[in-house]
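First comes the structure, then the notes that go with it.
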Amino acid sequence: PKEEREKYDVSSLRVVFHMAAPMPMWLKEEWIDWLGPERIYELYGGTERQASTIIPGTEWVRRKGSVGRVEIGAAKVVGDDGRELPPGETGEIYLRSAEGPGTTYHYLGAEPKRDGDGWESLGDVGRIDAEGYIWLADRRTDMILRGGANIYPAEVEAALIAHPDIESCAVVGLPHPDLGSSIHAVLQVREGADADAIVAGLPNFLTDLLSRPKHPESYEVTSEPVRDDAGKVRRTMLRDERVRWLQEGRAFRVNVARPG
């Protein structure tokens with residue numbers, strides 16, 4: 001909140017870097033409004049350092065949502081058939097180290113998804129535009145296939161977190177007999193907020209933020225953290241837990257009517 005920001009003198013703060021998980025666009029705009037675009041930088045890459053991107057806030061305001069261009073290494077987007085996709089098309093992002101494969105790390109146990117010649121995937125889905133800017137959609141393993149349409153949880157979460165009474169959230173796909181998967185949102189609301197009223201009002205709240213097929217069919221309010229200590233959404237754990245609850249016949253979700 002603006003009144004909270006005004007309590008602090010941040011004139012000595014020179015730069016802020018953010019990474020590890022996507023920041024909702026509205027939240028990044030708030031940070032830029034507070035500190036100025038010249039002090040905000042976003043980075044993308046893996047712990048393995050195959051490649052990395054960076055985008056300063058001064059560029060981001062002209063390309064909102066991008067994580068920047070590759071500064072170290074190389075990146076490409078690959079389709080389901082294994083072929084590299086042209087600029088603008090969405091697929092799986094592969095990265096390659098400028099120093100060659102396996103030069104910065106060594107895996108113990110599980111191996112990464114490789115595409116030959118040193119290219120490796122971190123499991124992210126996205127696109128690269130004609131100027132080389134990367135735009136992330138979501139993790140491939142988190143994507144929800146609903147009625148033949150690809151739904152990216154991060155997009156739905158960004159819309160939900162824009163609600164003033166929602167502190168955090170996670171969106172997962174749950175089994176559906178007709179659609180394959182349905183969209184379920186796990187919410188953490190602000191202390192003292194009316195959870196029932198929030199859930200009842202979300203279909204209308206989301207109308208201008210998401211297309212109708214992307215609206216959650218069910219909601220759940222929890223007091224348990226939906227993110228780990230690094231700030232990443234624990235979707236796999238949340239999804240597996242709720243699938244088990246469904247199998248056990250446990251009641252945990254509130255179904256809502258989508259807007260017409």
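Following the order of the structure tokens, chains are lettered A, B, ..., residues in each are numbered from 1, and ligands are numbered from 1.
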
Could you please write out, as a PyMOL selection string, every residue of segment 149-256 of chain A that DSSP assigns to helix (DSSP H, G or I)?
chain A and resi 153-160+195-205+212-214+235-248

Mind writing the picked residues with C-alpha atoms as a PDB file, in the first residue's frame?
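Output saved as result-v4.pdb:
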```
ATOM      1  CA  PRO A 153      -1.667 -21.638 -14.036  1.00  0.00           C
ATOM      2  CA  ALA A 154       0.679 -18.658 -13.686  1.00  0.00           C
ATOM      3  CA  GLU A 155      -1.641 -16.526 -15.826  1.00  0.00           C
ATOM      4  CA  VAL A 156      -4.662 -17.433 -13.694  1.00  0.00           C
ATOM      5  CA  GLU A 157      -2.694 -16.861 -10.482  1.00  0.00           C
ATOM      6  CA  ALA A 158      -1.598 -13.413 -11.645  1.00  0.00           C
ATOM      7  CA  ALA A 159      -5.245 -12.447 -12.154  1.00  0.00           C
ATOM      8  CA  LEU A 160      -6.336 -13.838  -8.784  1.00  0.00           C
ATOM      9  CA  ALA A 195     -13.540 -15.795   2.555  1.00  0.00           C
ATOM     10  CA  ASP A 196     -17.040 -16.812   1.439  1.00  0.00           C
ATOM     11  CA  ALA A 197     -17.730 -13.356   0.011  1.00  0.00           C
ATOM     12  CA  ILE A 198     -14.386 -13.314  -1.794  1.00  0.00           C
ATOM     13  CA  VAL A 199     -15.019 -16.675  -3.473  1.00  0.00           C
ATOM     14  CA  ALA A 200     -18.578 -15.696  -4.422  1.00  0.00           C
ATOM     15  CA  GLY A 201     -17.344 -12.495  -6.044  1.00  0.00           C
ATOM     16  CA  LEU A 202     -14.385 -13.913  -7.963  1.00  0.00           C
ATOM     17  CA  PRO A 203     -16.254 -14.881 -11.172  1.00  0.00           C
ATOM     18  CA  ASN A 204     -17.239 -11.241 -11.670  1.00  0.00           C
ATOM     19  CA  PHE A 205     -13.846  -9.944 -10.534  1.00  0.00           C
ATOM     20  CA  ARG A 212     -14.039 -17.402 -19.733  1.00  0.00           C
ATOM     21  CA  PRO A 213     -12.321 -20.801 -20.330  1.00  0.00           C
ATOM     22  CA  LYS A 214      -9.529 -19.789 -17.924  1.00  0.00           C
ATOM     23  CA  ARG A 235       1.822 -26.946  -7.406  1.00  0.00           C
ATOM     24  CA  THR A 236       2.867 -30.597  -7.649  1.00  0.00           C
ATOM     25  CA  MET A 237       2.446 -31.175  -3.922  1.00  0.00           C
ATOM     26  CA  LEU A 238      -0.850 -29.272  -3.828  1.00  0.00           C
ATOM     27  CA  ARG A 239      -2.216 -31.111  -6.871  1.00  0.00           C
ATOM     28  CA  ASP A 240      -1.219 -34.583  -5.654  1.00  0.00           C
ATOM     29  CA  GLU A 241      -2.663 -33.904  -2.219  1.00  0.00           C
ATOM     30  CA  ARG A 242      -6.019 -32.783  -3.630  1.00  0.00           C
ATOM     31  CA  VAL A 243      -6.233 -35.690  -6.051  1.00  0.00           C
ATOM     32  CA  ARG A 244      -5.817 -37.964  -3.037  1.00  0.00           C
ATOM     33  CA  TRP A 245      -8.552 -36.053  -1.197  1.00  0.00           C
ATOM     34  CA  LEU A 246     -10.885 -36.576  -4.151  1.00  0.00           C
ATOM     35  CA  GLN A 247     -10.171 -40.303  -4.092  1.00  0.00           C
ATOM     36  CA  GLU A 248     -10.937 -40.346  -0.364  1.00  0.00           C
TER      37      GLU A 248
END
```

Residues of segment 2-250 of chain A classed as strand (DSSP E) by DSSP on the backbone are to be reported as a VMD selection string.
chain A and resid 16 to 18 40 to 45 52 to 56 66 to 72 74 to 78 91 to 96 113 to 114 120 to 128 134 to 139 144 to 146 149 to 151 166 to 176 180 to 189 218 to 221

Restricted to C-alpha atoms, what would the selected residues look like written as a CSV table (one decimal), in the first residue's frame?
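File produced: selection-v5.csv:
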```
chain,number,residue,atom,x,y,z
A,16,VAL,CA,16.7,-4.6,-7.0
A,17,PHE,CA,17.1,-8.0,-8.8
A,18,HIS,CA,14.2,-10.5,-8.9
A,40,ILE,CA,14.6,-2.9,-11.2
A,41,TYR,CA,16.2,-5.8,-13.0
A,42,GLU,CA,14.7,-9.3,-13.8
A,43,LEU,CA,16.8,-12.4,-14.4
A,44,TYR,CA,15.9,-15.8,-15.8
A,45,GLY,CA,17.8,-19.0,-15.9
A,52,SER,CA,20.7,-16.6,-18.5
A,53,THR,CA,18.7,-13.6,-19.5
A,54,ILE,CA,18.3,-10.1,-18.0
A,55,ILE,CA,16.0,-7.2,-18.6
A,56,PRO,CA,16.2,-3.8,-16.9
A,66,SER,CA,9.3,-10.4,-21.0
A,67,VAL,CA,12.3,-11.8,-19.0
A,68,GLY,CA,14.7,-10.3,-21.5
A,69,ARG,CA,17.3,-11.5,-24.0
A,70,VAL,CA,20.0,-14.1,-23.5
A,71,GLU,CA,23.2,-12.5,-22.2
A,72,ILE,CA,25.1,-15.7,-21.5
A,74,ALA,CA,21.9,-19.5,-26.0
A,75,ALA,CA,18.1,-20.2,-26.1
A,76,LYS,CA,15.6,-21.7,-28.5
A,77,VAL,CA,12.0,-22.9,-28.5
A,78,VAL,CA,11.1,-26.4,-29.5
A,91,GLY,CA,6.9,-24.3,-27.2
A,92,GLU,CA,9.4,-25.7,-24.7
A,93,ILE,CA,12.4,-23.5,-24.0
A,94,TYR,CA,15.8,-25.1,-24.3
A,95,LEU,CA,19.1,-23.5,-23.1
A,96,ARG,CA,22.7,-24.1,-23.9
A,113,LYS,CA,15.8,-33.3,-20.8
A,114,ARG,CA,18.3,-33.0,-23.5
A,120,GLU,CA,18.8,-28.8,-22.2
A,121,SER,CA,15.3,-27.9,-21.0
A,122,LEU,CA,14.3,-26.6,-17.6
A,123,GLY,CA,10.7,-27.5,-18.3
A,124,ASP,CA,9.5,-24.0,-19.1
A,125,VAL,CA,7.1,-23.2,-21.8
A,126,GLY,CA,7.3,-19.9,-23.7
A,127,ARG,CA,8.2,-18.0,-26.9
A,128,ILE,CA,11.0,-15.9,-28.3
A,134,ILE,CA,11.9,-14.4,-24.1
A,135,TRP,CA,8.3,-14.6,-22.8
A,136,LEU,CA,7.5,-17.3,-20.3
A,137,ALA,CA,4.1,-19.0,-20.2
A,138,ASP,CA,4.5,-21.6,-17.4
A,139,ARG,CA,6.1,-24.9,-16.4
A,144,ILE,CA,-3.6,-27.8,-17.4
A,145,LEU,CA,-5.2,-29.4,-20.4
A,146,ARG,CA,-8.9,-28.5,-20.1
A,149,ALA,CA,-7.2,-26.0,-24.4
A,150,ASN,CA,-3.9,-25.3,-22.7
A,151,ILE,CA,-4.3,-23.3,-19.5
A,166,ILE,CA,-6.0,-12.4,-1.7
A,167,GLU,CA,-2.5,-12.6,-0.3
A,168,SER,CA,-1.3,-15.7,-2.3
A,169,CYS,CA,-2.7,-18.4,-4.4
A,170,ALA,CA,-2.0,-21.6,-6.4
A,171,VAL,CA,-3.8,-23.0,-9.4
A,172,VAL,CA,-3.8,-26.7,-10.2
A,173,GLY,CA,-5.6,-29.0,-12.5
A,174,LEU,CA,-7.9,-31.7,-11.0
A,175,PRO,CA,-9.4,-34.7,-12.8
A,176,HIS,CA,-12.6,-34.1,-14.7
A,180,GLY,CA,-9.9,-34.1,-18.7
A,181,SER,CA,-9.0,-31.5,-16.1
A,182,SER,CA,-10.8,-28.7,-14.3
A,183,ILE,CA,-9.2,-25.6,-12.9
A,184,HIS,CA,-8.9,-25.4,-9.1
A,185,ALA,CA,-7.6,-22.4,-7.1
A,186,VAL,CA,-6.2,-22.6,-3.6
A,187,LEU,CA,-6.4,-19.2,-1.9
A,188,GLN,CA,-4.8,-17.5,1.1
A,189,VAL,CA,-6.8,-14.5,2.0
A,218,SER,CA,-13.7,-24.5,-7.9
A,219,TYR,CA,-12.0,-22.7,-5.1
A,220,GLU,CA,-10.5,-23.5,-1.7
A,221,VAL,CA,-9.3,-21.2,1.1
```

Shortest interatomic distance to Ala230 of chain A - which of A:Val256, A:Lys7, A:Ala21, A:Pro177, counting only C-alpha atoms:
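Ranked by minimum distance to Ala230 of chain A, first place goes to A:Ala21.
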
Trp26 of chain A surroundings by only C-alpha atoms, 10 Å radius, close-in-sequence under 4 positions cut, as a list in words:
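Neighbouring residues, sequence-local ones excluded: Glu30, Trp31, Ile32, Ala158, Ala159, Ile161 and Ala162 of chain A.
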
Write the selection just made, keeping N, CA and C atoms, as an mmCIF file, in the first residue's frame?
```
data_model
loop_
_atom_site.group_PDB
_atom_site.id
_atom_site.type_symbol
_atom_site.label_atom_id
_atom_site.label_comp_id
_atom_site.auth_asym_id
_atom_site.auth_seq_id
_atom_site.Cartn_x
_atom_site.Cartn_y
_atom_site.Cartn_z
ATOM 1 N N GLU A 30 3.880 -1.875 -9.705
ATOM 2 C CA GLU A 30 3.888 -1.164 -8.424
ATOM 3 C C GLU A 30 5.323 -0.898 -7.962
ATOM 4 N N TRP A 31 6.184 -1.891 -8.103
ATOM 5 C CA TRP A 31 7.581 -1.712 -7.724
ATOM 6 C C TRP A 31 8.243 -0.633 -8.584
ATOM 7 N N ILE A 32 7.978 -0.652 -9.874
ATOM 8 C CA ILE A 32 8.563 0.347 -10.767
ATOM 9 C C ILE A 32 8.036 1.736 -10.440
ATOM 10 N N ALA A 158 -1.867 -14.851 -11.566
ATOM 11 C CA ALA A 158 -1.598 -13.413 -11.645
ATOM 12 C C ALA A 158 -2.887 -12.604 -11.595
ATOM 13 N N ALA A 159 -3.952 -13.135 -12.194
ATOM 14 C CA ALA A 159 -5.245 -12.447 -12.154
ATOM 15 C C ALA A 159 -5.852 -12.514 -10.756
ATOM 16 N N ILE A 161 -4.307 -12.884 -7.836
ATOM 17 C CA ILE A 161 -3.540 -12.146 -6.838
ATOM 18 C C ILE A 161 -3.772 -10.647 -6.950
ATOM 19 N N ALA A 162 -4.387 -10.214 -8.045
ATOM 20 C CA ALA A 162 -4.728 -8.795 -8.187
ATOM 21 C C ALA A 162 -5.882 -8.404 -7.271
#
```

Residue with smallest distance to Pro164 of chain A - pool A:Leu179, A:Leu27, A:Val226, A:Met19, counting only C-alpha atoms:
A:Leu27

Two-atom distance - atom CA of Gly73 of chain A, atom CA of Gln50 of chain A (Å):
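Between these atoms lies a distance of 6.6 Å.
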
Distance atom CA of Thr58 of chain A-atom CA of Leu85 of chain A, one decimal place?
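One can read the atom CA of Thr58 of chain A to atom CA of Leu85 of chain A distance as 28.4 Å.
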
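Distances from A:Gly65, A:Leu13, A:Asn255, A:Arg49 to Lys28 of chain A were compared using only C-alpha atoms, and the smallest one belongs to A:Gly65.
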
Would you list the contacts of Arg5 of chain A as a list in words, taking every protein, DNA or RNA residue within 12 Å and counting only C-alpha atoms, but skipping same-chain residues closer than 2 positions in sequence?
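Surrounding residues, per the criterion: Pro1, Lys2, Glu3, Lys7, Tyr8, Asp9, Val10, Glu30, Trp31, Asp33, Trp34 and Leu35 of chain A.
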
Hey, can you spit out that residue selection with N, CA and C atoms as a short mmCIF file (atom, residue, chain, number, x, y, z; two decimals), in the first residue's frame?
```cif
data_model
loop_
_atom_site.label_atom_id
_atom_site.label_comp_id
_atom_site.auth_asym_id
_atom_site.auth_seq_id
_atom_site.Cartn_x
_atom_site.Cartn_y
_atom_site.Cartn_z
N PRO A 1 0.82 -1.21 0.00
CA PRO A 1 0.00 0.00 0.00
C PRO A 1 0.86 1.26 0.00
N LYS A 2 0.36 2.30 -0.64
CA LYS A 2 1.14 3.53 -0.76
C LYS A 2 1.49 4.11 0.59
N GLU A 3 0.54 4.09 1.53
CA GLU A 3 0.80 4.66 2.85
C GLU A 3 1.91 3.91 3.58
N LYS A 7 6.47 5.27 4.51
CA LYS A 7 7.13 5.22 5.82
C LYS A 7 8.64 5.01 5.68
N TYR A 8 9.10 4.63 4.48
CA TYR A 8 10.49 4.24 4.31
C TYR A 8 11.23 5.16 3.35
N ASP A 9 12.48 5.42 3.67
CA ASP A 9 13.37 6.17 2.80
C ASP A 9 14.22 5.17 2.02
N VAL A 10 13.96 5.03 0.73
CA VAL A 10 14.68 4.05 -0.09
C VAL A 10 15.63 4.75 -1.08
N GLU A 30 3.88 -1.87 -9.70
CA GLU A 30 3.89 -1.16 -8.42
C GLU A 30 5.32 -0.90 -7.96
N TRP A 31 6.18 -1.89 -8.10
CA TRP A 31 7.58 -1.71 -7.72
C TRP A 31 8.24 -0.63 -8.58
N ASP A 33 6.77 1.81 -10.11
CA ASP A 33 6.18 3.10 -9.73
C ASP A 33 6.83 3.64 -8.45
N TRP A 34 7.21 2.72 -7.56
CA TRP A 34 7.81 3.11 -6.28
C TRP A 34 9.28 3.49 -6.42
N LEU A 35 10.07 2.62 -7.09
CA LEU A 35 11.51 2.79 -7.14
C LEU A 35 12.03 3.40 -8.44
#
```

Residue with smallest distance to Met25 of chain A - pool A:Thr47, A:Trp60, A:Ser12, A:Gly88, counting only C-alpha atoms:
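Looking at the shortest contact to Met25 of chain A, the residue is A:Trp60.
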